[in-house]
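Raw query.txt, compact mmCIF, C-alpha atoms:
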# COMPACT_ATOMS: atom_id res chain seq x y z
CA MET A 1 -4.67 6.33 -23.59
CA THR A 2 -7.93 6.29 -21.64
CA SER A 3 -7.44 4.56 -18.29
CA LEU A 4 -9.27 3.99 -15.02
CA LEU A 5 -7.69 3.84 -11.57
CA HIS A 6 -10.14 2.08 -9.22
CA LEU A 7 -9.65 2.35 -5.44
CA ASP A 8 -11.72 0.65 -2.74
CA SER A 9 -11.34 1.57 0.93
CA SER A 10 -14.25 -0.17 2.65
CA ALA A 11 -13.08 -2.36 5.53
CA ASP A 12 -15.89 -4.80 4.71
CA CYS A 13 -14.49 -7.32 2.24
CA SER A 14 -17.18 -9.94 2.95
CA GLY A 15 -19.48 -8.94 0.11
CA GLY A 16 -21.71 -6.69 2.20
CA SER A 17 -20.12 -3.36 1.28
CA LEU A 18 -22.35 -1.03 -0.72
CA SER A 19 -19.43 1.21 -1.70
CA ARG A 20 -17.62 -1.82 -3.17
CA GLU A 21 -20.81 -2.87 -4.97
CA LEU A 22 -21.20 0.58 -6.51
CA THR A 23 -17.56 1.00 -7.51
CA ALA A 24 -17.69 -2.47 -9.12
CA LEU A 25 -20.77 -1.37 -11.09
CA PHE A 26 -18.97 1.77 -12.24
CA ALA A 27 -15.84 -0.16 -13.24
CA ALA A 28 -17.78 -2.81 -15.16
CA THR A 29 -19.82 -0.20 -17.02
CA TRP A 30 -16.75 1.91 -17.76
CA ARG A 31 -14.78 -1.06 -19.10
CA GLU A 32 -17.65 -2.05 -21.41
CA ARG A 33 -17.79 1.52 -22.69
CA HIS A 34 -14.01 1.88 -23.05
CA GLU A 35 -13.00 -1.44 -24.52
CA GLY A 36 -9.20 -1.62 -24.65
CA GLY A 37 -8.79 1.15 -22.07
CA GLY A 38 -6.30 0.72 -19.25
CA TYR A 39 -7.54 -0.44 -15.87
CA ARG A 40 -5.76 -0.59 -12.50
CA TYR A 41 -7.44 -1.79 -9.31
CA ARG A 42 -6.19 -1.24 -5.78
CA ASP A 43 -7.92 -2.68 -2.75
CA LEU A 44 -6.58 -0.43 -0.02
CA VAL A 45 -7.74 -2.86 2.68
CA ALA A 46 -6.60 -6.19 1.25
CA ASP A 47 -3.34 -4.58 0.10
CA PRO A 48 -2.95 -1.60 2.43
CA VAL A 49 -0.70 1.35 1.77
CA PRO A 50 1.65 1.68 4.76
CA PRO A 51 1.21 4.85 6.82
CA LEU A 52 3.94 7.46 6.64
CA ASP A 53 7.11 6.70 8.59
CA ASN A 54 10.39 8.36 9.46
CA ALA A 55 12.08 7.28 6.21
CA TYR A 56 9.32 8.84 4.10
CA CYS A 57 9.54 12.07 6.09
CA ALA A 58 13.34 12.23 5.92
CA LEU A 59 13.34 11.73 2.16
CA GLY A 60 10.52 14.22 1.74
CA ARG A 61 12.39 16.88 3.71
CA ARG A 62 15.51 16.33 1.60
CA VAL A 63 13.47 16.72 -1.57
CA GLU A 64 11.91 19.92 -0.21
CA ARG A 65 15.38 21.36 0.45
CA HIS A 66 16.32 20.76 -3.20
CA GLY A 67 13.33 22.72 -4.45
CA SER A 68 11.15 21.31 -7.21
CA VAL A 69 12.33 17.72 -7.78
CA PRO A 70 10.32 15.61 -10.28
CA PRO A 71 9.56 12.00 -9.26
CA GLU A 72 12.11 10.57 -11.68
CA ARG A 73 14.91 12.28 -9.74
CA VAL A 74 13.81 11.37 -6.21
CA ALA A 75 15.53 7.95 -6.09
CA ALA A 76 18.92 9.61 -6.48
CA LEU A 77 18.28 11.59 -3.28
CA ALA A 78 17.34 8.58 -1.15
CA GLU A 79 19.86 7.68 1.55
CA GLY A 80 19.90 4.20 3.04
CA ALA A 81 17.75 1.14 2.57
CA ALA A 82 14.76 2.47 4.51
CA GLU A 83 14.44 5.59 2.37
CA ARG A 84 14.87 3.61 -0.83
CA ALA A 85 12.16 1.19 0.34
CA ALA A 86 9.85 4.09 1.22
CA TRP A 87 10.25 5.52 -2.27
CA GLU A 88 9.75 2.12 -3.93
CA LEU A 89 6.40 1.92 -2.12
CA THR A 90 5.43 5.47 -3.03
CA ARG A 91 6.50 5.90 -6.65
CA PRO A 92 4.03 3.37 -8.18
CA LEU A 93 1.10 5.07 -6.43
CA ILE A 94 2.10 8.44 -7.86
CA SER A 95 2.61 6.99 -11.33
CA GLU A 96 -0.81 5.32 -11.29
CA LEU A 97 -2.58 8.51 -10.28
CA ARG A 98 -0.74 10.63 -12.83
CA ALA A 99 -1.40 8.12 -15.62
CA ALA A 100 -5.15 7.68 -15.02
CA THR A 101 -7.68 9.67 -17.00
CA THR A 102 -10.45 8.70 -14.56
CA VAL A 103 -10.00 8.00 -10.85
CA LEU A 104 -12.75 6.05 -9.10
CA ILE A 105 -12.74 6.12 -5.29
CA GLY A 106 -14.94 4.10 -2.98
CA ALA A 107 -15.09 6.25 0.14
CA PRO A 108 -17.47 5.02 2.85
CA MET A 109 -17.92 7.40 5.75
CA TYR A 110 -16.32 6.21 8.98
CA ASN A 111 -16.87 8.46 12.00
CA PHE A 112 -17.76 11.39 9.75
CA THR A 113 -14.69 11.15 7.49
CA VAL A 114 -12.77 8.89 5.10
CA ALA A 115 -11.42 5.48 6.06
CA ALA A 116 -7.88 5.28 7.40
CA SER A 117 -6.95 3.10 4.41
CA LEU A 118 -7.86 5.88 1.98
CA LYS A 119 -6.18 8.54 4.11
CA ALA A 120 -2.95 6.47 4.07
CA TRP A 121 -3.06 6.38 0.26
CA ILE A 122 -3.63 10.14 0.09
CA ASP A 123 -0.80 10.86 2.53
CA ARG A 124 1.70 8.68 0.69
CA VAL A 125 0.78 9.72 -2.84
CA THR A 126 1.13 13.40 -1.93
CA PHE A 127 4.91 13.27 -1.86
CA PRO A 128 6.74 16.61 -2.18
CA GLY A 129 7.10 17.50 -5.84
CA ALA A 130 4.82 14.73 -7.11
CA PHE A 131 2.17 17.20 -8.20
CA GLU A 132 4.24 20.37 -8.47
CA GLY A 133 2.46 23.20 -10.24
CA ALA A 134 -1.14 24.29 -9.96
CA GLY A 135 -3.60 22.16 -11.88
CA LEU A 136 -1.30 19.22 -12.59
CA LEU A 137 -4.27 16.85 -12.48
CA SER A 138 -6.52 19.25 -14.36
CA GLY A 139 -8.43 17.43 -17.09
CA LYS A 140 -8.65 14.18 -15.16
CA ARG A 141 -12.01 13.01 -13.89
CA VAL A 142 -12.45 11.91 -10.27
CA VAL A 143 -15.60 10.06 -9.20
CA VAL A 144 -16.09 9.53 -5.46
CA ILE A 145 -18.69 7.00 -4.35
CA SER A 146 -19.48 7.57 -0.69
CA THR A 147 -21.80 5.48 1.47
CA ARG A 148 -23.10 6.52 4.87
CA GLY A 149 -25.02 4.80 7.62
CA GLY A 150 -27.17 7.86 8.28
CA GLY A 151 -28.42 10.86 6.35
CA TYR A 152 -25.98 13.73 5.73
CA GLY A 153 -27.50 15.39 2.68
CA PRO A 154 -28.21 19.11 2.24
CA GLY A 155 -30.71 20.39 4.79
CA THR A 156 -30.43 17.41 7.14
CA PRO A 157 -29.46 17.85 10.81
CA GLN A 158 -26.22 15.92 10.17
CA GLU A 159 -25.15 17.88 7.08
CA ALA A 160 -22.35 19.69 8.94
CA ASN A 161 -20.85 16.36 10.04
CA ASP A 162 -20.05 15.21 6.50
CA PHE A 163 -16.27 15.62 6.35
CA VAL A 164 -15.85 13.21 3.44
CA THR A 165 -17.14 15.49 0.69
CA PRO A 166 -15.44 18.78 1.69
CA TYR A 167 -12.16 17.01 2.45
CA LEU A 168 -11.92 15.23 -0.90
CA ARG A 169 -13.25 18.28 -2.75
CA GLY A 170 -10.53 20.39 -1.14
CA TYR A 171 -7.80 17.82 -1.76
CA PHE A 172 -8.50 17.21 -5.43
CA GLY A 173 -9.41 20.85 -6.00
CA ARG A 174 -5.92 21.85 -4.90
CA LEU A 175 -4.57 19.50 -7.56
CA GLY A 176 -6.71 21.10 -10.25
CA VAL A 177 -9.70 18.73 -10.37
CA THR A 178 -12.75 20.95 -10.07
CA GLY A 179 -16.22 21.55 -11.44
CA ASP A 180 -17.80 18.75 -13.43
CA ASP A 181 -14.54 16.77 -13.38
CA LEU A 182 -15.05 16.04 -9.67
CA ARG A 183 -18.25 14.14 -8.98
CA PHE A 184 -19.68 12.71 -5.76
CA VAL A 185 -22.29 9.95 -5.61
CA CYS A 186 -23.71 9.32 -2.15
CA ALA A 187 -25.83 6.41 -0.96
CA GLU A 188 -27.22 7.07 2.50
CA LEU A 189 -29.07 5.38 5.35
CA THR A 190 -27.26 2.08 4.86
CA LEU A 191 -27.74 1.21 8.55
CA ALA A 192 -31.52 1.20 8.10
CA GLU A 193 -31.31 -2.28 6.61
CA LEU A 194 -29.56 -3.56 9.75
CA ALA A 195 -30.86 -1.62 12.74
CA PRO A 196 -34.43 -2.41 13.92
CA HIS A 197 -34.94 1.11 15.27
CA LEU A 198 -34.29 2.52 11.77
CA ALA A 199 -36.76 0.20 10.03
CA SER A 200 -39.03 3.08 9.09
CA LEU A 201 -36.21 4.52 6.98
CA ARG A 202 -35.78 1.41 4.83
CA PRO A 203 -37.85 2.72 1.91
CA ALA A 204 -35.76 5.91 1.86
CA ALA A 205 -32.57 3.84 2.03
CA ALA A 206 -33.72 1.74 -0.93
CA ARG A 207 -34.47 4.88 -2.93
CA SER A 208 -31.03 6.28 -2.11
CA ARG A 209 -29.35 3.05 -3.19
CA GLU A 210 -31.23 2.92 -6.49
CA ALA A 211 -30.59 6.59 -7.21
CA ALA A 212 -26.88 5.99 -6.59
CA ARG A 213 -26.87 2.99 -8.94
CA THR A 214 -28.54 5.05 -11.66
CA GLU A 215 -26.10 7.92 -11.25
CA VAL A 216 -23.07 5.60 -11.14
CA THR A 217 -24.12 3.89 -14.36
CA ALA A 218 -24.67 7.21 -16.11
CA LEU A 219 -21.31 8.61 -15.01
CA ALA A 220 -19.45 5.46 -16.03
CA ALA A 221 -21.02 5.49 -19.49
CA ARG A 222 -19.78 9.01 -20.24

The structure given in the file should be rewritten as structure tokens.
Amino acid sequence: MTSLLHLDSSADCSGGSLSRELTALFAATWRERHEGGGYRYRDLVADPVPPLDNAYCALGRRVERHGSVPPERVAALAEGAAERAAWELTRPLISELRAATTVLIGAPMYNFTVAASLKAWIDRVTFPGAFEGAGLLSGKRVVVISTRGGGYGPGTPQEANDFVTPYLRGYFGRLGVTGDDLRFVCAELTLAELAPHLASLRPAAARSREAARTEVTALAAR
């Protein structure tokens, strides 16, 4: 069954987040195109994924010692209430990712990289054995919508400081999502609308926003 997993990680829940605006556009377009398809939304800020703790690590090490253990067998290895609770938090995240045919990620750039809320999801979902075997997620489509306050595109002075794109490309690439199945849409210069000293960049920011909206709509309609 065709299904979309939609993740937002912007800390701005007030209605001013461009990444949330663009992921909402993608999701609405996708759902119109795939009537009857499955849809799961996670707001990683309003409903945060807890960071890794000792119980998660202890259970993960035990699983590693047993070799390749599929998720359905992990619960039997949990010892104590804390480990069982850690797995109860983790298993649904893994199941959602494995079940989705398209994964939509809102990934604003914070201090050159992804938000802590998204990193917590990545850390927890990457439980030992969850994605055993090269290319387990091969065939899925991942769309990353990234917004940035400045300009980090190819050829710009800040290009080398974009750690969002290479990080997520490396992460999902290791899981088998590569080529045209892994797409990045970037809207840049978002601070130009707010900062007086960047006022001259507002036309470029508007063009970047509209180009992102056009690309998002086209990708969602596929």

**Prompt:** Which is closer to A:Gly139 than all the others in A:Val177, A:Leu219, A:Ala55, A:Leu97, using only C-alpha atoms?
**Reply:** A:Val177

**Asked** By how many Å are atom CA of A:Met109 and atom CA of A:Phe127 apart?
**Response**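 Atom-to-atom, atom CA of A:Met109 and atom CA of A:Phe127 are spaced 24.8 Å apart.
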
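By only C-alpha atoms, and with residues fewer than 5 positions from A:Ala86 along its chain excluded, the set lying at most 9 Å from it is Leu52, Asp53, Ala55, Tyr56, Leu59, Ala81 and Arg91 of chain A.
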
**Prompt:** Counting all atoms listed in the file, what is within 8 Å of stretch 162-174 of chain A, bar same-chain residues fewer than 4 positions away, as a PyMOL selection string?
**Reply:** chain A and resi 107+109+112-114+134-135+146+152+158+178+182+184

**Among listed residues A:Pro70, A:Leu22, A:Asp47, A:Ala195, nearest A:Glu215 (using all atoms listed in the file)** =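 Of A:Pro70, A:Leu22, A:Asp47, A:Ala195, the one nearest A:Glu215 is A:Leu22, counting all atoms listed in the file.
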
**Item:** Given all atoms listed in the file as the counted atoms, nearest of A:Leu25, A:Ala11, A:Ile94, A:Ala130 to A:Gly60
**Value:**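 For A:Gly60, the nearest of the candidates is A:Ala130.
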
**Prompt:** What does the distance from atom CA of A:Ala212 to atom CA of A:Glu188 come to in Å, to one decimal?
**Reply:** 9.2 Å

**Request:** Could you give me, as an MDAnalysis selection string, the residues within 12 Å of A:Lys119, counting only C-alpha atoms and dropping anything in the same chain fewer than 2 positions from it?
**Result:** chainID A and resid 7:10 44:45 48:52 105 107:110 113:117 121:126 164 167:168 171

**Request:** Kindly give the distance, in Å, that separates atom CA of A:Thr90 and atom CA of A:Thr147, rounded to a single decimal.
**Result:**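 Separating atom CA of A:Thr90 from atom CA of A:Thr147 is a distance of 27.6 Å.
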